[in-house]
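Chemist: This one is structure30.cif, mmCIF, C-alpha atoms (C1' of nucleotides).
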data_query
#
loop_
_atom_site.group_PDB
_atom_site.id
_atom_site.type_symbol
_atom_site.label_atom_id
_atom_site.label_comp_id
_atom_site.auth_asym_id
_atom_site.auth_seq_id
_atom_site.Cartn_x
_atom_site.Cartn_y
_atom_site.Cartn_z
ATOM 1 C CA MET A 1 -32.332 36.593 -96.399
ATOM 2 C CA THR A 2 -35.101 36.252 -93.887
ATOM 3 C CA THR A 3 -34.899 37.594 -90.373
ATOM 4 C CA GLU A 4 -35.057 34.035 -89.194
ATOM 5 C CA ALA A 5 -32.125 32.998 -91.323
ATOM 6 C CA ALA A 6 -30.145 35.968 -90.075
ATOM 7 C CA GLY A 7 -30.719 35.244 -86.396
ATOM 8 C CA TRP A 8 -27.704 33.840 -84.639
ATOM 9 C CA VAL A 9 -29.778 32.982 -81.667
ATOM 10 C CA GLY A 10 -33.212 34.192 -82.657
ATOM 11 C CA ASN A 11 -35.294 32.893 -79.834
ATOM 12 C CA GLY A 12 -35.748 29.291 -78.931
ATOM 13 C CA TYR A 13 -34.055 26.217 -80.294
ATOM 14 C CA ASP A 14 -34.470 25.862 -84.038
ATOM 15 C CA PRO A 15 -33.156 22.808 -85.883
ATOM 16 C CA GLN A 16 -33.466 24.798 -89.115
ATOM 17 C CA CYS A 17 -31.246 27.642 -87.964
ATOM 18 C CA PRO A 18 -28.291 27.796 -90.359
ATOM 19 C CA THR A 19 -25.701 27.889 -87.616
ATOM 20 C CA ARG A 20 -27.439 24.977 -85.931
ATOM 21 C CA VAL A 21 -27.327 22.929 -89.126
ATOM 22 C CA LEU A 22 -23.621 23.593 -89.467
ATOM 23 C CA LEU A 23 -22.887 22.728 -85.861
ATOM 24 C CA ASP A 24 -24.810 19.494 -86.186
ATOM 25 C CA ARG A 25 -22.849 18.677 -89.342
ATOM 26 C CA VAL A 26 -19.466 19.507 -87.940
ATOM 27 C CA GLY A 27 -19.976 18.444 -84.351
ATOM 28 C CA ASP A 28 -19.859 14.727 -84.894
ATOM 29 C CA LYS A 29 -16.857 12.568 -84.319
ATOM 30 C CA TRP A 30 -15.255 12.134 -87.735
ATOM 31 C CA THR A 31 -16.507 14.766 -90.155
ATOM 32 C CA VAL A 32 -13.867 17.409 -89.563
ATOM 33 C CA LEU A 33 -11.113 14.809 -89.659
ATOM 34 C CA VAL A 34 -12.377 13.537 -92.997
ATOM 35 C CA ILE A 35 -12.643 17.023 -94.469
ATOM 36 C CA GLY A 36 -9.114 17.735 -93.310
ATOM 37 C CA LEU A 37 -7.769 14.622 -95.001
ATOM 38 C CA LEU A 38 -9.666 15.250 -98.218
ATOM 39 C CA SER A 39 -8.164 18.724 -98.360
ATOM 40 C CA ASP A 40 -5.025 17.146 -99.755
ATOM 41 C CA GLY A 41 -6.919 15.606 -102.641
ATOM 42 C CA PRO A 42 -9.283 12.712 -103.427
ATOM 43 C CA MET A 43 -8.921 9.508 -101.471
ATOM 44 C CA ARG A 44 -10.180 5.982 -101.694
ATOM 45 C CA PHE A 45 -12.367 4.509 -98.999
ATOM 46 C CA THR A 46 -9.795 2.237 -97.429
ATOM 47 C CA THR A 47 -7.015 4.807 -97.617
ATOM 48 C CA LEU A 48 -9.292 7.238 -95.874
ATOM 49 C CA ARG A 49 -10.200 4.714 -93.212
ATOM 50 C CA ASP A 50 -6.558 3.899 -92.526
ATOM 51 C CA SER A 51 -5.592 7.567 -92.493
ATOM 52 C CA VAL A 52 -8.317 8.554 -90.107
ATOM 53 C CA GLY A 53 -7.467 5.688 -87.828
ATOM 54 C CA GLY A 54 -9.844 4.099 -85.368
ATOM 55 C CA VAL A 55 -12.989 4.532 -87.387
ATOM 56 C CA SER A 56 -15.099 1.527 -88.282
ATOM 57 C CA GLY A 57 -16.211 0.970 -91.841
ATOM 58 C CA LYS A 58 -19.830 1.432 -90.968
ATOM 59 C CA VAL A 59 -19.306 4.784 -89.334
ATOM 60 C CA LEU A 60 -16.973 6.077 -92.039
ATOM 61 C CA THR A 61 -19.554 5.098 -94.621
ATOM 62 C CA ALA A 62 -22.230 6.962 -92.703
ATOM 63 C CA THR A 63 -19.985 10.012 -92.346
ATOM 64 C CA LEU A 64 -19.185 10.074 -96.047
ATOM 65 C CA ARG A 65 -22.792 9.457 -97.017
ATOM 66 C CA ALA A 66 -23.873 12.415 -94.931
ATOM 67 C CA LEU A 67 -21.191 14.630 -96.454
ATOM 68 C CA GLU A 68 -22.230 13.531 -99.918
ATOM 69 C CA ARG A 69 -25.884 14.136 -99.132
ATOM 70 C CA ASP A 70 -25.048 17.692 -98.139
ATOM 71 C CA GLY A 71 -23.029 18.337 -101.273
ATOM 72 C CA LEU A 72 -19.749 18.713 -99.412
ATOM 73 C CA VAL A 73 -18.130 15.603 -100.838
ATOM 74 C CA ASN A 74 -18.324 13.877 -104.195
ATOM 75 C CA ARG A 75 -18.392 10.108 -104.472
ATOM 76 C CA THR A 76 -17.041 8.499 -107.614
ATOM 77 C CA ALA A 77 -17.355 4.753 -108.095
ATOM 78 C CA TYR A 78 -15.255 3.124 -110.809
ATOM 79 C CA PRO A 79 -16.940 -0.004 -112.165
ATOM 80 C CA GLN A 80 -14.143 -2.448 -111.466
ATOM 81 C CA ILE A 81 -13.589 -5.612 -109.530
ATOM 82 C CA PRO A 82 -12.517 -5.157 -106.846
ATOM 83 C CA PRO A 83 -14.416 -1.888 -106.573
ATOM 84 C CA ARG A 84 -12.654 1.445 -106.445
ATOM 85 C CA VAL A 85 -14.435 4.407 -104.923
ATOM 86 C CA GLU A 86 -12.970 7.843 -104.546
ATOM 87 C CA TYR A 87 -14.119 10.676 -102.358
ATOM 88 C CA ALA A 88 -13.262 14.306 -103.010
ATOM 89 C CA LEU A 89 -14.270 17.652 -101.587
ATOM 90 C CA THR A 90 -16.651 19.734 -103.665
ATOM 91 C CA ASP A 91 -16.228 23.495 -103.977
ATOM 92 C CA LEU A 92 -18.788 23.816 -101.231
ATOM 93 C CA GLY A 93 -16.790 21.439 -99.081
ATOM 94 C CA ARG A 94 -13.609 23.374 -99.716
ATOM 95 C CA SER A 95 -15.366 26.588 -98.713
ATOM 96 C CA LEU A 96 -15.728 25.065 -95.261
ATOM 97 C CA GLN A 97 -11.985 24.974 -94.769
ATOM 98 C CA GLU A 98 -11.785 28.657 -93.925
ATOM 99 C CA PRO A 99 -14.278 28.701 -91.047
ATOM 100 C CA LEU A 100 -12.756 25.482 -89.763
ATOM 101 C CA ALA A 101 -9.320 27.074 -89.848
ATOM 102 C CA VAL A 102 -10.706 29.909 -87.725
ATOM 103 C CA LEU A 103 -11.965 27.397 -85.182
ATOM 104 C CA ARG A 104 -8.584 25.765 -85.197
ATOM 105 C CA GLY A 105 -6.914 29.108 -84.668
ATOM 106 C CA TRP A 106 -9.026 29.910 -81.635
ATOM 107 C CA SER A 107 -8.462 26.439 -80.227
ATOM 108 C CA GLU A 108 -4.718 26.615 -80.518
ATOM 109 C CA GLN A 109 -4.690 29.966 -78.774
ATOM 110 C CA HIS A 110 -7.190 29.314 -76.013
ATOM 111 C CA ILE A 111 -7.782 25.635 -75.364
ATOM 112 C CA ALA A 112 -4.903 25.477 -72.924
ATOM 113 C CA GLN A 113 -6.780 27.946 -70.737
ATOM 114 C CA VAL A 114 -9.937 25.877 -71.046
ATOM 115 C CA VAL A 115 -8.126 22.738 -70.014
ATOM 116 C CA ALA A 116 -6.512 24.549 -67.093
ATOM 117 C CA HIS A 117 -9.875 25.860 -65.890
ATOM 118 C CA ARG A 118 -11.292 22.401 -66.237
ATOM 119 C CA ALA A 119 -8.575 20.868 -64.070
ATOM 120 C CA GLU A 120 -8.924 23.570 -61.433
ATOM 121 C CA PHE A 121 -12.699 23.221 -61.364
ATOM 122 C CA ASP A 122 -12.465 19.470 -60.938
ATOM 123 C CA ARG A 123 -9.850 19.852 -58.221
ATOM 124 C CA ALA A 124 -12.060 22.287 -56.327
ATOM 125 C CA ALA A 125 -15.064 20.012 -56.684
ATOM 126 C CA GLY A 126 -12.970 17.089 -55.496
ATOM 127 C CA ILE A 127 -11.988 18.924 -52.346
ATOM 128 C CA ARG A 128 -15.599 19.668 -51.578
ATOM 129 C CA LEU A 129 -16.378 15.981 -51.830
ATOM 130 C CA GLN A 130 -13.510 15.065 -49.509
ATOM 131 C CA PHE A 131 -14.722 17.052 -46.514
ATOM 132 C CA MET B 1 3.215 24.692 -79.092
ATOM 133 C CA THR B 2 3.761 21.035 -79.818
ATOM 134 C CA THR B 3 3.408 19.530 -83.255
ATOM 135 C CA GLU B 4 0.517 17.560 -81.895
ATOM 136 C CA ALA B 5 -1.263 20.645 -80.665
ATOM 137 C CA ALA B 6 -0.708 22.314 -84.027
ATOM 138 C CA GLY B 7 -2.143 19.464 -86.053
ATOM 139 C CA TRP B 8 -5.573 20.140 -87.439
ATOM 140 C CA VAL B 9 -5.979 16.548 -88.317
ATOM 141 C CA GLY B 10 -2.712 15.063 -87.163
ATOM 142 C CA ASN B 11 -3.393 11.410 -87.664
ATOM 143 C CA GLY B 12 -6.046 9.450 -85.913
ATOM 144 C CA TYR B 13 -8.801 10.583 -83.635
ATOM 145 C CA ASP B 14 -7.522 12.467 -80.619
ATOM 146 C CA PRO B 15 -9.871 13.624 -77.875
ATOM 147 C CA GLN B 16 -7.120 15.991 -76.695
ATOM 148 C CA CYS B 17 -6.789 17.757 -80.042
ATOM 149 C CA PRO B 18 -7.614 21.420 -79.433
ATOM 150 C CA THR B 19 -10.031 21.648 -82.328
ATOM 151 C CA ARG B 20 -11.697 18.468 -81.131
ATOM 152 C CA VAL B 21 -12.155 19.889 -77.644
ATOM 153 C CA LEU B 22 -13.756 22.991 -79.088
ATOM 154 C CA LEU B 23 -16.061 21.049 -81.367
ATOM 155 C CA ASP B 24 -17.171 18.872 -78.484
ATOM 156 C CA ARG B 25 -17.838 21.972 -76.409
ATOM 157 C CA VAL B 26 -19.742 23.814 -79.068
ATOM 158 C CA GLY B 27 -21.449 20.914 -80.768
ATOM 159 C CA ASP B 28 -24.041 20.198 -78.139
ATOM 160 C CA LYS B 29 -27.597 21.381 -78.246
ATOM 161 C CA TRP B 30 -27.680 24.516 -76.112
ATOM 162 C CA THR B 31 -24.193 25.896 -75.585
ATOM 163 C CA VAL B 32 -24.044 28.257 -78.544
ATOM 164 C CA LEU B 33 -27.530 29.521 -77.823
ATOM 165 C CA VAL B 34 -26.546 30.279 -74.243
ATOM 166 C CA ILE B 35 -23.353 32.049 -75.258
ATOM 167 C CA GLY B 36 -25.319 34.115 -77.730
ATOM 168 C CA LEU B 37 -27.802 35.193 -75.078
ATOM 169 C CA LEU B 38 -25.109 35.992 -72.543
ATOM 170 C CA SER B 39 -23.420 38.216 -75.103
ATOM 171 C CA ASP B 40 -25.940 40.900 -74.226
ATOM 172 C CA GLY B 41 -24.944 40.821 -70.578
ATOM 173 C CA PRO B 42 -25.369 38.731 -67.434
ATOM 174 C CA MET B 43 -28.587 36.820 -66.946
ATOM 175 C CA ARG B 44 -30.309 34.992 -64.175
ATOM 176 C CA PHE B 45 -31.023 31.289 -64.425
ATOM 177 C CA THR B 46 -34.742 31.521 -65.018
ATOM 178 C CA THR B 47 -34.468 34.415 -67.427
ATOM 179 C CA LEU B 48 -31.939 32.415 -69.382
ATOM 180 C CA ARG B 49 -34.170 29.355 -69.383
ATOM 181 C CA ASP B 50 -37.145 31.340 -70.606
ATOM 182 C CA SER B 51 -35.080 33.117 -73.241
ATOM 183 C CA VAL B 52 -33.575 29.954 -74.612
ATOM 184 C CA GLY B 53 -36.946 28.296 -74.719
ATOM 185 C CA GLY B 54 -37.549 24.584 -74.666
ATOM 186 C CA VAL B 55 -34.667 23.666 -72.416
ATOM 187 C CA SER B 56 -35.294 21.802 -69.189
ATOM 188 C CA GLY B 57 -33.811 23.047 -65.957
ATOM 189 C CA LYS B 58 -31.648 19.998 -65.609
ATOM 190 C CA VAL B 59 -30.073 20.357 -69.023
ATOM 191 C CA LEU B 60 -29.570 24.097 -68.713
ATOM 192 C CA THR B 61 -27.846 23.513 -65.398
ATOM 193 C CA ALA B 62 -25.588 20.953 -67.000
ATOM 194 C CA THR B 63 -24.818 23.271 -69.907
ATOM 195 C CA LEU B 64 -23.966 26.167 -67.605
ATOM 196 C CA ARG B 65 -21.932 23.953 -65.308
ATOM 197 C CA ALA B 66 -19.860 22.761 -68.241
ATOM 198 C CA LEU B 67 -19.325 26.328 -69.444
ATOM 199 C CA GLU B 68 -18.318 27.367 -65.962
ATOM 200 C CA ARG B 69 -15.967 24.425 -65.642
ATOM 201 C CA ASP B 70 -14.218 25.489 -68.816
ATOM 202 C CA GLY B 71 -13.872 29.088 -67.683
ATOM 203 C CA LEU B 72 -16.187 30.430 -70.358
ATOM 204 C CA VAL B 73 -18.918 31.552 -67.987
ATOM 205 C CA ASN B 74 -18.898 32.967 -64.489
ATOM 206 C CA ARG B 75 -21.497 31.956 -61.934
ATOM 207 C CA THR B 76 -22.375 34.403 -59.184
ATOM 208 C CA ALA B 77 -24.738 33.351 -56.416
ATOM 209 C CA TYR B 78 -26.204 36.068 -54.209
ATOM 210 C CA PRO B 79 -27.004 34.751 -50.744
ATOM 211 C CA GLN B 80 -30.682 35.654 -50.682
ATOM 212 C CA ILE B 81 -33.959 33.937 -50.252
ATOM 213 C CA PRO B 82 -35.189 33.184 -52.771
ATOM 214 C CA PRO B 83 -31.782 32.613 -54.370
ATOM 215 C CA ARG B 84 -30.472 34.788 -57.152
ATOM 216 C CA VAL B 85 -27.810 33.437 -59.454
ATOM 217 C CA GLU B 86 -26.321 35.290 -62.359
ATOM 218 C CA TYR B 87 -24.339 33.945 -65.257
ATOM 219 C CA ALA B 88 -21.987 36.051 -67.333
ATOM 220 C CA LEU B 89 -19.453 35.443 -70.057
ATOM 221 C CA THR B 90 -15.824 35.619 -69.038
ATOM 222 C CA ASP B 91 -13.229 37.250 -71.283
ATOM 223 C CA LEU B 92 -12.417 33.796 -72.551
ATOM 224 C CA GLY B 93 -16.081 33.206 -73.287
ATOM 225 C CA ARG B 94 -16.332 36.508 -75.126
ATOM 226 C CA SER B 95 -13.313 35.594 -77.214
ATOM 227 C CA LEU B 96 -15.380 32.737 -78.590
ATOM 228 C CA GLN B 97 -17.856 35.129 -80.159
ATOM 229 C CA GLU B 98 -15.589 35.872 -83.099
ATOM 230 C CA PRO B 99 -15.062 32.307 -84.318
ATOM 231 C CA LEU B 100 -18.747 31.634 -83.751
ATOM 232 C CA ALA B 101 -19.591 34.657 -85.859
ATOM 233 C CA VAL B 102 -17.454 33.210 -88.633
ATOM 234 C CA LEU B 103 -19.397 29.968 -88.471
ATOM 235 C CA ARG B 104 -22.584 31.936 -88.589
ATOM 236 C CA GLY B 105 -21.328 33.842 -91.612
ATOM 237 C CA TRP B 106 -20.530 30.688 -93.537
ATOM 238 C CA SER B 107 -23.871 29.193 -92.584
ATOM 239 C CA GLU B 108 -25.861 32.131 -93.781
ATOM 240 C CA GLN B 109 -24.049 32.120 -97.089
ATOM 241 C CA HIS B 110 -23.984 28.400 -97.792
ATOM 242 C CA ILE B 111 -26.526 26.456 -95.787
ATOM 243 C CA ALA B 112 -29.194 26.991 -98.414
ATOM 244 C CA GLN B 113 -27.026 25.021 -100.840
ATOM 245 C CA VAL B 114 -26.536 22.294 -98.272
ATOM 246 C CA VAL B 115 -30.259 22.027 -97.688
ATOM 247 C CA ALA B 116 -30.895 21.951 -101.423
ATOM 248 C CA HIS B 117 -28.363 19.153 -101.929
ATOM 249 C CA ARG B 118 -29.923 17.293 -99.069
ATOM 250 C CA ALA B 119 -33.383 17.472 -100.607
ATOM 251 C CA GLU B 120 -32.107 16.423 -104.017
ATOM 252 C CA PHE B 121 -30.155 13.514 -102.547
ATOM 253 C CA ASP B 122 -33.180 12.298 -100.632
ATOM 254 C CA ARG B 123 -35.377 12.651 -103.703
ATOM 255 C CA ALA B 124 -32.941 10.611 -105.781
ATOM 256 C CA ALA B 125 -32.689 7.962 -103.086
ATOM 257 C CA GLY B 126 -36.459 7.861 -102.844
ATOM 258 C CA ILE B 127 -36.807 7.171 -106.547
ATOM 259 C CA ARG B 128 -34.381 4.295 -106.310
ATOM 260 C CA LEU B 129 -36.513 2.760 -103.602
ATOM 261 C CA GLN B 130 -39.677 3.141 -105.654
ATOM 262 C CA PHE B 131 -38.567 0.999 -108.614
ATOM 263 C "C1'" DC C 1 -12.396 -3.409 -101.881
ATOM 264 C "C1'" DA C 2 -16.290 -1.083 -100.341
ATOM 265 C "C1'" DG C 3 -19.657 -1.566 -98.289
ATOM 266 C "C1'" DA C 4 -24.519 -3.566 -95.744
ATOM 267 C "C1'" DA C 5 -26.741 -5.892 -91.667
ATOM 268 C "C1'" DT C 6 -27.059 -6.696 -86.987
ATOM 269 C "C1'" DC C 7 -26.366 -6.155 -82.166
ATOM 270 C "C1'" DC C 8 -25.216 -3.497 -78.281
ATOM 271 C "C1'" DG C 9 -23.416 -0.180 -74.741
ATOM 272 C "C1'" DG C 10 -22.883 4.698 -73.637
ATOM 273 C "C1'" DT C 11 -24.364 9.275 -73.826
ATOM 274 C "C1'" DC C 12 -27.586 13.143 -74.611
ATOM 275 C "C1'" DC C 13 -31.666 14.999 -73.641
ATOM 276 C "C1'" DG C 14 -36.561 15.569 -71.913
ATOM 277 C "C1'" DA C 15 -40.218 14.956 -68.306
ATOM 278 C "C1'" DT C 16 -41.359 14.778 -63.765
ATOM 279 C "C1'" DA C 17 -41.009 15.246 -58.903
ATOM 280 C "C1'" DC C 18 -38.757 17.101 -55.053
ATOM 281 C "C1'" DT C 19 -35.932 20.714 -51.977
ATOM 282 C "C1'" DG C 20 -33.360 24.710 -49.337
ATOM 283 C "C1'" DC D 1 -35.722 30.763 -57.419
ATOM 284 C "C1'" DA D 2 -32.328 27.654 -58.621
ATOM 285 C "C1'" DG D 3 -31.409 23.894 -58.568
ATOM 286 C "C1'" DT D 4 -31.025 18.041 -57.565
ATOM 287 C "C1'" DA D 5 -32.666 13.128 -58.254
ATOM 288 C "C1'" DT D 6 -34.562 9.751 -60.954
ATOM 289 C "C1'" DC D 7 -36.419 7.570 -64.932
ATOM 290 C "C1'" DG D 8 -36.868 6.584 -69.730
ATOM 291 C "C1'" DG D 9 -36.386 7.162 -74.845
ATOM 292 C "C1'" DA D 10 -33.514 8.309 -78.794
ATOM 293 C "C1'" DC D 11 -29.433 8.526 -81.007
ATOM 294 C "C1'" DC D 12 -24.431 7.826 -81.792
ATOM 295 C "C1'" DG D 13 -20.758 5.086 -82.529
ATOM 296 C "C1'" DG D 14 -18.100 0.483 -82.028
ATOM 297 C "C1'" DA D 15 -17.518 -4.642 -82.984
ATOM 298 C "C1'" DT D 16 -18.560 -8.258 -85.732
ATOM 299 C "C1'" DT D 17 -20.177 -10.747 -89.597
ATOM 300 C "C1'" DC D 18 -21.377 -11.181 -94.314
ATOM 301 C "C1'" DT D 19 -21.368 -10.030 -99.594
ATOM 302 C "C1'" DG D 20 -20.976 -8.529 -104.809
#
Just dump the structure as structure tokens.
Modeler:
Amino acid sequence: MTTEAAGWVGNGYDPQCPTRVLLDRVGDKWTVLVIGLLSDGPMRFTTLRDSVGGVSGKVLTATLRALERDGLVNRTAYPQIPPRVEYALTDLGRSLQEPLAVLRGWSEQHIAQVVAHRAEFDRAAGIRLQF
Amino acid sequence: MTTEAAGWVGNGYDPQCPTRVLLDRVGDKWTVLVIGLLSDGPMRFTTLRDSVGGVSGKVLTATLRALERDGLVNRTAYPQIPPRVEYALTDLGRSLQEPLAVLRGWSEQHIAQVVAHRAEFDRAAGIRLQF
DNA sequence: CAGAATCCGGTCCGATACTG
DNA sequence: CAGTATCGGACCGGATTCTG
């Protein structure tokens, strides 16, 4: 492991930083939702789209393509008409569940405080604008 | 804790979902870097900007403002000329270090595989375009 | 059914210039 | 020193339409 790879923050912004790569992967709108749903087992494209809810086909395709590209999800197309395509987590993808569960744990414990701070901050800023 | 608040994935996209709020907070370009730097102690604005490297004043201000709004960072302005402003993690902000460390741990163990998959996927896609 | 193609608005971010 | 104001480019994601 290089010093660079070990650096949480190193110095300067580095798109190659491992933590950065993960955050970029996981920070988008649908990825974590999709991983969560696939945790229960393989799913077909349309089932996934309906389960996620509110995602367009184009964007779900892009999300899945990116997950597949990174080796987190496997895509299996059955040569039928109409087509049948199944998506499933890989071992690597499943290994992500633990860190994500930790994030979830922190969120459930602390997000209420964040939201409260947010409201108070906005209220205070609002007052300043009023006078 | 409501069922909704407990749901990792619940059903459908929910901007209020605790995990979602956290991901949105932490998924942007500079936040994690800033938190990492502030872990060593309070820092002044310019010191922070120089340490982060590559961030514009405007964006760093926005990042810090958002962190302050959420109660993760404290802003202290000393009434001097020239001004002196210090930023420090709050207890809430410090509590984020642990989950972030978990993310970092996963990244350092697995990102190499992700990058490898990525390269292989792109290579395979490239071949398909060639013929 | 599982997408690809296109268009389009909103947001993120950087660069620059200015100020108390 | 620590910002604010303004502009512009890039990217993300949504809606719609079309296809094997």
Chemist: Once chain A has been least-squares superposed onto chain B, matching all their Cα atoms in order, can you return it as a tab-separated table (two decimals) with C-alpha atoms, in the frame of the given file?
Modeler:
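Produced file part-v2.tsv, reproduced below:
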chain	number	residue	atom	x	y	z
A	1	MET	CA	3.26	24.83	-79.19
A	2	THR	CA	3.79	21.17	-79.81
A	3	THR	CA	3.43	19.56	-83.19
A	4	GLU	CA	0.53	17.64	-81.78
A	5	ALA	CA	-1.23	20.77	-80.64
A	6	ALA	CA	-0.67	22.34	-84.04
A	7	GLY	CA	-2.13	19.44	-86.00
A	8	TRP	CA	-5.54	20.13	-87.42
A	9	VAL	CA	-5.96	16.53	-88.28
A	10	GLY	CA	-2.70	15.01	-87.14
A	11	ASN	CA	-3.39	11.36	-87.63
A	12	GLY	CA	-6.05	9.39	-85.89
A	13	TYR	CA	-8.82	10.53	-83.61
A	14	ASP	CA	-7.54	12.43	-80.60
A	15	PRO	CA	-9.90	13.60	-77.86
A	16	GLN	CA	-7.16	15.96	-76.69
A	17	CYS	CA	-6.80	17.73	-80.02
A	18	PRO	CA	-7.62	21.40	-79.44
A	19	THR	CA	-10.03	21.63	-82.33
A	20	ARG	CA	-11.70	18.44	-81.13
A	21	VAL	CA	-12.16	19.87	-77.64
A	22	LEU	CA	-13.76	22.98	-79.08
A	23	LEU	CA	-16.06	21.03	-81.36
A	24	ASP	CA	-17.16	18.86	-78.47
A	25	ARG	CA	-17.83	21.98	-76.41
A	26	VAL	CA	-19.72	23.83	-79.08
A	27	GLY	CA	-21.43	20.93	-80.79
A	28	ASP	CA	-24.01	20.23	-78.15
A	29	LYS	CA	-27.56	21.41	-78.26
A	30	TRP	CA	-27.65	24.54	-76.12
A	31	THR	CA	-24.16	25.92	-75.60
A	32	VAL	CA	-24.01	28.27	-78.56
A	33	LEU	CA	-27.50	29.55	-77.83
A	34	VAL	CA	-26.52	30.30	-74.25
A	35	ILE	CA	-23.32	32.07	-75.26
A	36	GLY	CA	-25.30	34.14	-77.74
A	37	LEU	CA	-27.78	35.22	-75.08
A	38	LEU	CA	-25.09	36.01	-72.54
A	39	SER	CA	-23.40	38.24	-75.09
A	40	ASP	CA	-25.93	40.90	-74.21
A	41	GLY	CA	-24.93	40.84	-70.57
A	42	PRO	CA	-25.36	38.73	-67.41
A	43	MET	CA	-28.58	36.82	-66.95
A	44	ARG	CA	-30.33	34.97	-64.19
A	45	PHE	CA	-31.03	31.28	-64.44
A	46	THR	CA	-34.75	31.50	-65.03
A	47	THR	CA	-34.46	34.41	-67.44
A	48	LEU	CA	-31.94	32.42	-69.39
A	49	ARG	CA	-34.16	29.35	-69.41
A	50	ASP	CA	-37.15	31.34	-70.64
A	51	SER	CA	-35.07	33.13	-73.26
A	52	VAL	CA	-33.55	29.97	-74.62
A	53	GLY	CA	-36.93	28.32	-74.76
A	54	GLY	CA	-37.52	24.60	-74.71
A	55	VAL	CA	-34.65	23.68	-72.46
A	56	SER	CA	-35.27	21.79	-69.25
A	57	GLY	CA	-33.79	23.00	-66.01
A	58	LYS	CA	-31.61	19.97	-65.67
A	59	VAL	CA	-30.04	20.36	-69.07
A	60	LEU	CA	-29.55	24.11	-68.75
A	61	THR	CA	-27.84	23.53	-65.43
A	62	ALA	CA	-25.56	20.96	-67.02
A	63	THR	CA	-24.80	23.30	-69.92
A	64	LEU	CA	-23.95	26.18	-67.61
A	65	ARG	CA	-21.93	23.96	-65.31
A	66	ALA	CA	-19.85	22.79	-68.24
A	67	LEU	CA	-19.31	26.34	-69.44
A	68	GLU	CA	-18.30	27.39	-65.95
A	69	ARG	CA	-15.96	24.43	-65.63
A	70	ASP	CA	-14.21	25.50	-68.81
A	71	GLY	CA	-13.86	29.09	-67.68
A	72	LEU	CA	-16.17	30.45	-70.36
A	73	VAL	CA	-18.90	31.57	-67.99
A	74	ASN	CA	-18.89	32.97	-64.48
A	75	ARG	CA	-21.49	31.95	-61.94
A	76	THR	CA	-22.38	34.38	-59.18
A	77	ALA	CA	-24.75	33.32	-56.43
A	78	TYR	CA	-26.25	36.03	-54.22
A	79	PRO	CA	-27.06	34.69	-50.75
A	80	GLN	CA	-30.74	35.56	-50.70
A	81	ILE	CA	-34.03	33.82	-50.32
A	82	PRO	CA	-35.26	33.08	-52.87
A	83	PRO	CA	-31.85	32.52	-54.42
A	84	ARG	CA	-30.52	34.73	-57.17
A	85	VAL	CA	-27.83	33.39	-59.46
A	86	GLU	CA	-26.33	35.26	-62.35
A	87	TYR	CA	-24.34	33.93	-65.25
A	88	ALA	CA	-21.99	36.05	-67.32
A	89	LEU	CA	-19.45	35.46	-70.05
A	90	THR	CA	-15.80	35.63	-69.04
A	91	ASP	CA	-13.21	37.27	-71.28
A	92	LEU	CA	-12.41	33.81	-72.55
A	93	GLY	CA	-16.06	33.22	-73.29
A	94	ARG	CA	-16.32	36.51	-75.13
A	95	SER	CA	-13.29	35.59	-77.21
A	96	LEU	CA	-15.37	32.74	-78.60
A	97	GLN	CA	-17.83	35.13	-80.18
A	98	GLU	CA	-15.56	35.87	-83.11
A	99	PRO	CA	-15.04	32.30	-84.32
A	100	LEU	CA	-18.73	31.64	-83.77
A	101	ALA	CA	-19.58	34.68	-85.87
A	102	VAL	CA	-17.43	33.22	-88.65
A	103	LEU	CA	-19.38	29.98	-88.47
A	104	ARG	CA	-22.57	31.95	-88.62
A	105	GLY	CA	-21.31	33.85	-91.62
A	106	TRP	CA	-20.52	30.69	-93.54
A	107	SER	CA	-23.87	29.19	-92.59
A	108	GLU	CA	-25.86	32.14	-93.78
A	109	GLN	CA	-24.04	32.10	-97.09
A	110	HIS	CA	-23.98	28.39	-97.79
A	111	ILE	CA	-26.53	26.44	-95.78
A	112	ALA	CA	-29.20	26.99	-98.40
A	113	GLN	CA	-27.04	25.02	-100.83
A	114	VAL	CA	-26.56	22.29	-98.25
A	115	VAL	CA	-30.28	22.03	-97.67
A	116	ALA	CA	-30.93	21.95	-101.41
A	117	HIS	CA	-28.39	19.16	-101.91
A	118	ARG	CA	-29.95	17.29	-99.05
A	119	ALA	CA	-33.42	17.47	-100.57
A	120	GLU	CA	-32.16	16.41	-103.99
A	121	PHE	CA	-30.20	13.52	-102.52
A	122	ASP	CA	-33.21	12.29	-100.59
A	123	ARG	CA	-35.42	12.64	-103.65
A	124	ALA	CA	-32.99	10.60	-105.73
A	125	ALA	CA	-32.74	7.95	-103.05
A	126	GLY	CA	-36.52	7.86	-102.81
A	127	ILE	CA	-36.85	7.19	-106.51
A	128	ARG	CA	-34.43	4.31	-106.27
A	129	LEU	CA	-36.57	2.78	-103.55
A	130	GLN	CA	-39.73	3.17	-105.62
A	131	PHE	CA	-38.60	1.04	-108.55
Chemist: Of the candidates A:Val52, A:Val85, A:Ala112, A:Val34, which shows the shortest atom-to-atom distance to chain B, using only C-alpha atoms?
Modeler: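 Counting only C-alpha atoms, the residue closest to chain B is A:Val52.
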Chemist: Would you translate the PyMOL selection byres ((chain C and resi 14) around 7) into the concrete set of residues it matches in this file, as a ChimeraX atom specification?
Modeler: /B:56 /C:13,15
Chemist: I'd like to know which of A:Val102, A:Cys17, A:Val26, A:Leu96 is closest to Ala66 in chain A, using all atoms listed in the file.
Modeler: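 Of A:Val102, A:Cys17, A:Val26, A:Leu96, the one nearest Ala66 in chain A is A:Val26, counting all atoms listed in the file.
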Chemist: Select from chain C every residue with an atom at most 8 Å from any atom of chain A, then for each give the shortest pair of atoms and their distance in Å to one decimal, using all atoms listed in the file, rows by chain and rising number, as JSON lines.
Modeler:
{"residue": "C:DC1", "atom": "C1'", "partner": "A:Pro82", "partner_atom": "CA", "distance": 5.3}
{"residue": "C:DA2", "atom": "C1'", "partner": "A:Pro83", "partner_atom": "CA", "distance": 6.6}
{"residue": "C:DG3", "atom": "C1'", "partner": "A:Thr61", "partner_atom": "CA", "distance": 7.6}
